Structures are given as C-alpha cells and as structure tokens.
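**Student:** The structure file coords.cif (mmCIF, N, CA and C atoms) is provided below.
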data_final
loop_
_atom_site.label_atom_id
_atom_site.label_comp_id
_atom_site.auth_asym_id
_atom_site.auth_seq_id
_atom_site.Cartn_x
_atom_site.Cartn_y
_atom_site.Cartn_z
N MET H 10 77.05 100.55 156.17
CA MET H 10 77.91 101.62 156.58
C MET H 10 77.80 102.75 155.57
N PRO H 11 76.97 103.72 155.87
CA PRO H 11 76.78 104.81 154.92
C PRO H 11 77.96 105.78 154.91
N LEU H 12 78.22 106.32 153.73
CA LEU H 12 79.25 107.32 153.55
C LEU H 12 78.54 108.66 153.38
N PHE H 13 78.74 109.57 154.33
CA PHE H 13 78.07 110.87 154.29
C PHE H 13 79.04 111.94 153.83
N THR H 14 78.50 112.95 153.14
CA THR H 14 79.28 114.09 152.70
C THR H 14 78.94 115.28 153.57
N TYR H 15 79.95 116.01 154.02
CA TYR H 15 79.76 117.17 154.89
C TYR H 15 80.39 118.39 154.25
N ARG H 16 79.81 119.56 154.57
CA ARG H 16 80.34 120.83 154.09
C ARG H 16 80.53 121.75 155.30
N CYS H 17 81.71 122.35 155.37
CA CYS H 17 82.01 123.26 156.48
C CYS H 17 81.44 124.64 156.14
N GLU H 18 80.68 125.20 157.08
CA GLU H 18 80.09 126.52 156.88
C GLU H 18 81.14 127.62 157.01
N ALA H 19 82.22 127.36 157.73
CA ALA H 19 83.25 128.38 157.96
C ALA H 19 84.20 128.52 156.77
N CYS H 20 84.78 127.41 156.31
CA CYS H 20 85.78 127.49 155.24
C CYS H 20 85.27 126.98 153.89
N GLY H 21 84.11 126.32 153.86
CA GLY H 21 83.54 125.81 152.60
C GLY H 21 84.11 124.48 152.16
N ALA H 22 84.96 123.88 152.97
CA ALA H 22 85.56 122.59 152.61
C ALA H 22 84.49 121.50 152.60
N ILE H 23 84.64 120.56 151.68
CA ILE H 23 83.72 119.42 151.58
C ILE H 23 84.53 118.16 151.88
N PHE H 24 84.02 117.34 152.77
CA PHE H 24 84.71 116.10 153.12
C PHE H 24 83.68 115.00 153.34
N GLU H 25 84.16 113.76 153.28
CA GLU H 25 83.29 112.60 153.48
C GLU H 25 83.69 111.88 154.76
N ALA H 26 82.72 111.25 155.37
CA ALA H 26 82.99 110.48 156.59
C ALA H 26 82.15 109.21 156.56
N LEU H 27 82.79 108.11 156.90
CA LEU H 27 82.11 106.83 156.99
C LEU H 27 81.53 106.71 158.39
N VAL H 28 80.22 106.71 158.49
CA VAL H 28 79.55 106.71 159.79
C VAL H 28 78.93 105.32 160.01
N ARG H 29 79.50 104.57 160.90
CA ARG H 29 78.99 103.25 161.21
C ARG H 29 77.85 103.36 162.22
N SER H 30 76.99 102.38 162.23
CA SER H 30 75.86 102.43 163.15
C SER H 30 76.35 102.40 164.60
N GLY H 31 75.75 103.23 165.43
CA GLY H 31 76.12 103.29 166.83
C GLY H 31 77.27 104.23 167.13
N ARG H 32 77.87 104.81 166.10
CA ARG H 32 78.98 105.74 166.34
C ARG H 32 78.54 107.16 166.03
N ALA H 33 79.17 108.11 166.63
CA ALA H 33 78.81 109.52 166.45
C ALA H 33 79.32 110.04 165.11
N GLU H 34 78.57 110.98 164.57
CA GLU H 34 78.99 111.64 163.34
C GLU H 34 80.09 112.63 163.67
N PRO H 35 80.87 113.06 162.66
CA PRO H 35 81.93 114.04 162.95
C PRO H 35 81.33 115.36 163.43
N THR H 36 82.04 116.03 164.32
CA THR H 36 81.53 117.29 164.89
C THR H 36 82.34 118.49 164.45
N ALA H 37 83.47 118.27 163.76
CA ALA H 37 84.32 119.38 163.35
C ALA H 37 84.83 119.16 161.93
N CYS H 38 85.17 120.26 161.29
CA CYS H 38 85.71 120.22 159.94
C CYS H 38 87.11 119.61 159.98
N GLN H 39 87.44 118.80 158.98
CA GLN H 39 88.76 118.17 158.94
C GLN H 39 89.83 119.14 158.48
N THR H 40 89.42 120.26 157.86
CA THR H 40 90.40 121.23 157.35
C THR H 40 90.70 122.32 158.37
N CYS H 41 89.64 123.03 158.84
CA CYS H 41 89.86 124.17 159.75
C CYS H 41 89.42 123.88 161.18
N HIS H 42 88.85 122.71 161.43
CA HIS H 42 88.41 122.26 162.75
C HIS H 42 87.26 123.09 163.33
N ALA H 43 86.54 123.81 162.48
CA ALA H 43 85.36 124.56 162.94
C ALA H 43 84.23 123.57 163.20
N THR H 44 83.34 123.92 164.09
CA THR H 44 82.24 123.01 164.45
C THR H 44 80.98 123.24 163.63
N ALA H 45 80.98 124.22 162.74
CA ALA H 45 79.80 124.52 161.93
C ALA H 45 79.85 123.70 160.64
N ILE H 46 79.47 122.43 160.74
CA ILE H 46 79.43 121.57 159.54
C ILE H 46 77.99 121.13 159.30
N ARG H 47 77.69 120.87 158.06
CA ARG H 47 76.34 120.46 157.68
C ARG H 47 76.44 119.28 156.72
N ARG H 48 75.58 118.29 156.94
CA ARG H 48 75.57 117.12 156.08
C ARG H 48 74.93 117.48 154.74
N GLN H 49 75.57 117.08 153.64
CA GLN H 49 75.11 117.37 152.28
C GLN H 49 74.52 116.09 151.66
N PRO H 50 73.70 116.24 150.62
CA PRO H 50 73.23 115.05 149.90
C PRO H 50 74.42 114.35 149.25
N SER H 51 74.46 113.06 149.38
CA SER H 51 75.56 112.27 148.82
C SER H 51 75.17 111.69 147.47
N ALA H 52 76.19 111.33 146.70
CA ALA H 52 75.94 110.62 145.44
C ALA H 52 75.44 109.22 145.75
N PHE H 53 74.71 108.64 144.83
CA PHE H 53 74.18 107.30 145.05
C PHE H 53 74.34 106.48 143.79
N ALA H 54 74.26 105.18 143.93
CA ALA H 54 74.41 104.26 142.81
C ALA H 54 73.11 104.17 142.03
N VAL H 55 73.24 104.01 140.72
CA VAL H 55 72.08 103.88 139.85
C VAL H 55 72.16 102.51 139.18
N THR H 56 71.07 101.77 139.25
CA THR H 56 71.06 100.46 138.61
C THR H 56 70.71 100.61 137.14
N HIS H 57 71.07 99.61 136.38
CA HIS H 57 70.78 99.61 134.95
C HIS H 57 69.32 99.23 134.73
N SER H 58 68.87 99.46 133.51
CA SER H 58 67.50 99.09 133.18
C SER H 58 67.41 97.57 133.05
N GLU H 59 66.21 97.08 132.94
CA GLU H 59 66.01 95.63 132.82
C GLU H 59 66.60 95.10 131.53
N VAL H 60 66.54 95.89 130.47
CA VAL H 60 67.11 95.45 129.19
C VAL H 60 68.62 95.29 129.32
N ASP H 61 69.28 96.24 129.97
CA ASP H 61 70.72 96.13 130.18
C ASP H 61 71.04 94.91 131.03
N ALA H 62 70.20 94.63 132.02
CA ALA H 62 70.42 93.45 132.86
C ALA H 62 70.30 92.17 132.04
N LEU H 63 69.32 92.11 131.15
CA LEU H 63 69.16 90.93 130.30
C LEU H 63 70.35 90.77 129.36
N ARG H 64 70.82 91.88 128.81
CA ARG H 64 71.96 91.81 127.90
C ARG H 64 73.21 91.35 128.64
N SER H 65 73.39 91.79 129.86
CA SER H 65 74.58 91.37 130.60
C SER H 65 74.48 89.90 131.02
N LEU H 66 73.27 89.40 131.24
CA LEU H 66 73.11 87.99 131.59
C LEU H 66 73.29 87.07 130.39
N ASP H 67 72.87 87.53 129.21
CA ASP H 67 72.93 86.69 128.03
C ASP H 67 73.79 87.35 126.95
N PRO H 68 75.06 86.94 126.82
CA PRO H 68 75.92 87.56 125.81
C PRO H 68 75.47 87.28 124.39
N MET H 69 74.58 86.33 124.21
CA MET H 69 74.09 85.99 122.87
C MET H 69 72.82 86.76 122.52
N TYR H 70 72.47 87.79 123.30
CA TYR H 70 71.22 88.53 123.10
C TYR H 70 71.12 89.11 121.69
N LYS H 71 72.18 89.77 121.24
CA LYS H 71 72.15 90.39 119.91
C LYS H 71 71.97 89.33 118.82
N ARG H 72 72.66 88.23 118.95
CA ARG H 72 72.53 87.16 117.95
C ARG H 72 71.11 86.59 117.94
N MET H 73 70.51 86.44 119.12
CA MET H 73 69.14 85.92 119.19
C MET H 73 68.17 86.88 118.51
N VAL H 74 68.34 88.18 118.71
CA VAL H 74 67.46 89.16 118.08
C VAL H 74 67.65 89.14 116.57
N GLU H 75 68.89 89.09 116.12
CA GLU H 75 69.15 89.06 114.68
C GLU H 75 68.59 87.80 114.04
N ASP H 76 68.69 86.68 114.72
CA ASP H 76 68.12 85.43 114.18
C ASP H 76 66.60 85.52 114.06
N GLN H 77 65.95 86.12 115.06
CA GLN H 77 64.49 86.26 114.99
C GLN H 77 64.09 87.22 113.87
N MET H 78 64.84 88.30 113.69
CA MET H 78 64.55 89.25 112.62
C MET H 78 64.73 88.59 111.25
N ALA H 79 65.72 87.72 111.12
CA ALA H 79 65.97 87.06 109.83
C ALA H 79 64.84 86.10 109.48
N ARG H 80 64.09 85.65 110.45
CA ARG H 80 62.99 84.71 110.19
C ARG H 80 61.68 85.40 109.80
N THR H 81 61.64 86.73 109.86
CA THR H 81 60.41 87.43 109.49
C THR H 81 60.25 87.45 107.98
N PRO H 82 59.02 87.52 107.45
CA PRO H 82 58.81 87.53 106.00
C PRO H 82 59.46 88.74 105.32
N ASP H 83 59.55 89.87 105.99
CA ASP H 83 60.14 91.06 105.37
C ASP H 83 61.64 90.91 105.16
N ALA H 84 62.29 89.98 105.82
CA ALA H 84 63.72 89.81 105.68
C ALA H 84 64.08 88.95 104.47
N GLU H 85 63.13 88.36 103.81
CA GLU H 85 63.40 87.49 102.65
C GLU H 85 63.78 88.35 101.45
N PRO H 86 65.03 88.27 100.95
CA PRO H 86 65.44 89.12 99.83
C PRO H 86 64.71 88.80 98.53
N MET H 87 64.32 87.56 98.30
CA MET H 87 63.65 87.19 97.05
C MET H 87 62.29 87.88 96.94
N ARG H 88 61.70 88.24 98.06
CA ARG H 88 60.41 88.93 98.02
C ARG H 88 60.55 90.26 97.29
N HIS H 89 61.64 90.93 97.50
CA HIS H 89 61.89 92.21 96.84
C HIS H 89 62.29 92.01 95.37
N LEU H 90 63.09 90.99 95.10
CA LEU H 90 63.51 90.74 93.72
C LEU H 90 62.34 90.33 92.84
N ASN H 91 61.38 89.62 93.38
CA ASN H 91 60.22 89.19 92.58
C ASN H 91 59.34 90.37 92.18
N LYS H 92 59.42 91.48 92.87
CA LYS H 92 58.63 92.66 92.55
C LYS H 92 59.24 93.48 91.40
N LEU H 93 60.51 93.25 91.06
CA LEU H 93 61.18 94.01 90.01
C LEU H 93 60.66 93.59 88.63
N THR H 94 60.66 94.55 87.71
CA THR H 94 60.26 94.27 86.32
C THR H 94 61.49 93.76 85.56
N PRO H 95 61.38 92.63 84.87
CA PRO H 95 62.53 92.13 84.10
C PRO H 95 62.81 93.04 82.89
N PHE H 96 64.05 93.03 82.42
CA PHE H 96 64.42 93.86 81.27
C PHE H 96 63.61 93.50 80.03
N SER H 97 63.30 92.23 79.85
CA SER H 97 62.56 91.82 78.65
C SER H 97 61.14 92.37 78.65
N ALA H 98 60.57 92.68 79.81
CA ALA H 98 59.20 93.19 79.88
C ALA H 98 59.15 94.72 79.84
N ALA H 99 60.28 95.38 79.92
CA ALA H 99 60.30 96.85 79.90
C ALA H 99 60.08 97.34 78.46
N PRO H 100 59.31 98.43 78.28
CA PRO H 100 59.02 98.90 76.93
C PRO H 100 60.29 99.35 76.19
N ASP H 101 61.10 100.19 76.76
CA ASP H 101 62.36 100.62 76.14
C ASP H 101 63.33 100.91 77.26
N PRO H 102 64.20 99.97 77.56
CA PRO H 102 65.12 100.17 78.66
C PRO H 102 66.13 101.28 78.40
N GLY H 103 66.33 101.73 77.18
CA GLY H 103 67.27 102.78 76.86
C GLY H 103 68.66 102.21 76.61
N PRO H 104 69.60 103.08 76.36
CA PRO H 104 70.95 102.60 76.10
C PRO H 104 71.56 102.01 77.37
N PRO H 105 72.45 101.05 77.18
CA PRO H 105 73.08 100.45 78.37
C PRO H 105 73.97 101.47 79.07
N ILE H 106 74.08 101.29 80.34
CA ILE H 106 74.93 102.18 81.15
C ILE H 106 76.34 101.66 81.13
N ASP H 107 77.28 102.54 80.83
CA ASP H 107 78.69 102.15 80.78
C ASP H 107 79.32 102.53 82.11
N PHE H 108 79.75 101.55 82.87
CA PHE H 108 80.39 101.82 84.15
C PHE H 108 81.83 101.96 83.90
#
Can I see the file as structure tokens?

**Tutor:**
Amino acid sequence: MPLFTYRCEACGAIFEALVRSGRAEPTACQTCHATAIRRQPSAFAVTHSEVDALRSLDPMYKRMVEDQMARTPDAEPMRHLNKLTPFSAAPDPGPPIDF
C-alpha cells in the first residue's frame, strides 16, 4: 500500500494519500477541492550499511574488535619500553626534575 504525496496546482497545498491497489487515486485537493493536483516524489526509507547491520546483530562487536587489536604485536606495551634508554646508560641525564 503505497503512500503518495500530492501537490495542488491551485492553492499549493501538499497532502498525502494512501492508494491501495485497485482503487482510484484522489482527484481533488483536500484543502480547496480543485481538480488540478499532481503527484510529487515521496520520501523513502534508507537501509543501513552492512557494517551497521553487523553491529546491530552482534552487540559484542566492539569488544571483539578491541580483543583482536590487543592481540597484535604493536599493542604490546613492553615492546615500547624495551626501546627506551635506561638512566644508567645515558651520558649525563642532567639535574632531576622537581615536580
């Protein structure tokens, strides 16, 4: 059962009509009853993307992604700490910083 939008050429009123199959479309404006009406493009529904559909199906999607990211070698914090130079190996660390 499509919902059509109509615009009256006489008064400019816009109205909607539910047109069932086998029944006649409206022939007059609902506001001024003029017969000069024209069918307008109607709004339509937009579906979500496939990613949105997957997220709505699986509420644990974010947790699964975070778990996979945590398993990558770049996520290992010790990898970064091992690259740092220890204070004992620095030539002159300078005066200590007073916080």

**Student:** Provide the atom N of Glu75 (chain H) to CA of Leu93 (chain H) distance in Å, to one decimal place.

**Tutor:**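 Interatomic distance, atom N of Glu75 (chain H) to CA of Leu93 (chain H): 27.7 Å.
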
**Student:** Could you check how far CA of Cys38 (chain H) sits from CA of Phe13 (chain H), in Å to one decimal?

**Tutor:**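 A separation of 13.3 Å between them.
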
**Student:** Please return as a list in words: the residues of region 17-102 of chain H that backbone DSSP assigns to strand (DSSP E).

**Tutor:**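 Listing strand (DSSP E) positions across region 17-102 of chain H yields Cys17, Ile23, Phe24, Glu25, Ala26, Leu27, Ile46, Arg47, Arg48 and Gln49 of chain H.
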
**Student:** Include N, CA and C atoms and write out the residues we just selected as a compact mmCIF listing (two decimals), in the coordinates of the input.

**Tutor:**
# COMPACT_ATOMS: atom_id res chain seq x y z
N CYS H 17 81.71 122.35 155.37
CA CYS H 17 82.01 123.26 156.48
C CYS H 17 81.44 124.64 156.14
N ILE H 23 84.64 120.56 151.68
CA ILE H 23 83.72 119.42 151.58
C ILE H 23 84.53 118.16 151.88
N PHE H 24 84.02 117.34 152.77
CA PHE H 24 84.71 116.10 153.12
C PHE H 24 83.68 115.00 153.34
N GLU H 25 84.16 113.76 153.28
CA GLU H 25 83.29 112.60 153.48
C GLU H 25 83.69 111.88 154.76
N ALA H 26 82.72 111.25 155.37
CA ALA H 26 82.99 110.48 156.59
C ALA H 26 82.15 109.21 156.56
N LEU H 27 82.79 108.11 156.90
CA LEU H 27 82.11 106.83 156.99
C LEU H 27 81.53 106.71 158.39
N ILE H 46 79.47 122.43 160.74
CA ILE H 46 79.43 121.57 159.54
C ILE H 46 77.99 121.13 159.30
N ARG H 47 77.69 120.87 158.06
CA ARG H 47 76.34 120.46 157.68
C ARG H 47 76.44 119.28 156.72
N ARG H 48 75.58 118.29 156.94
CA ARG H 48 75.57 117.12 156.08
C ARG H 48 74.93 117.48 154.74
N GLN H 49 75.57 117.08 153.64
CA GLN H 49 75.11 117.37 152.28
C GLN H 49 74.52 116.09 151.66

**Student:** Using DSSP on the backbone, list every residue of chain H that comes out as helix (DSSP H, G or I), and give them as a PyMOL selection string.

**Tutor:** chain H and resi 59-66+70-79+82-84+86-90+96-98

**Student:** Choose the residue, out of H:His89, H:Arg16, H:Arg72, H:Arg80, that has the smallest atom-to-atom separation from Gln39 (chain H); count only C-alpha atoms.

**Tutor:**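 The answer is H:Arg16, which sits nearest to Gln39 (chain H).
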
**Student:** Rounded to one decimal, what separation in Å do you get between CA of Arg29 (chain H) and CA of Tyr15 (chain H)?

**Tutor:**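 Pair CA of Arg29 (chain H) / CA of Tyr15 (chain H) returns 15.3 Å.
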
**Student:** Counting only C-alpha atoms, find residues at most 12 Å from (84.1, 116.9, 165.1) (file frame) and give them as a count of residues only.

**Tutor:** 18
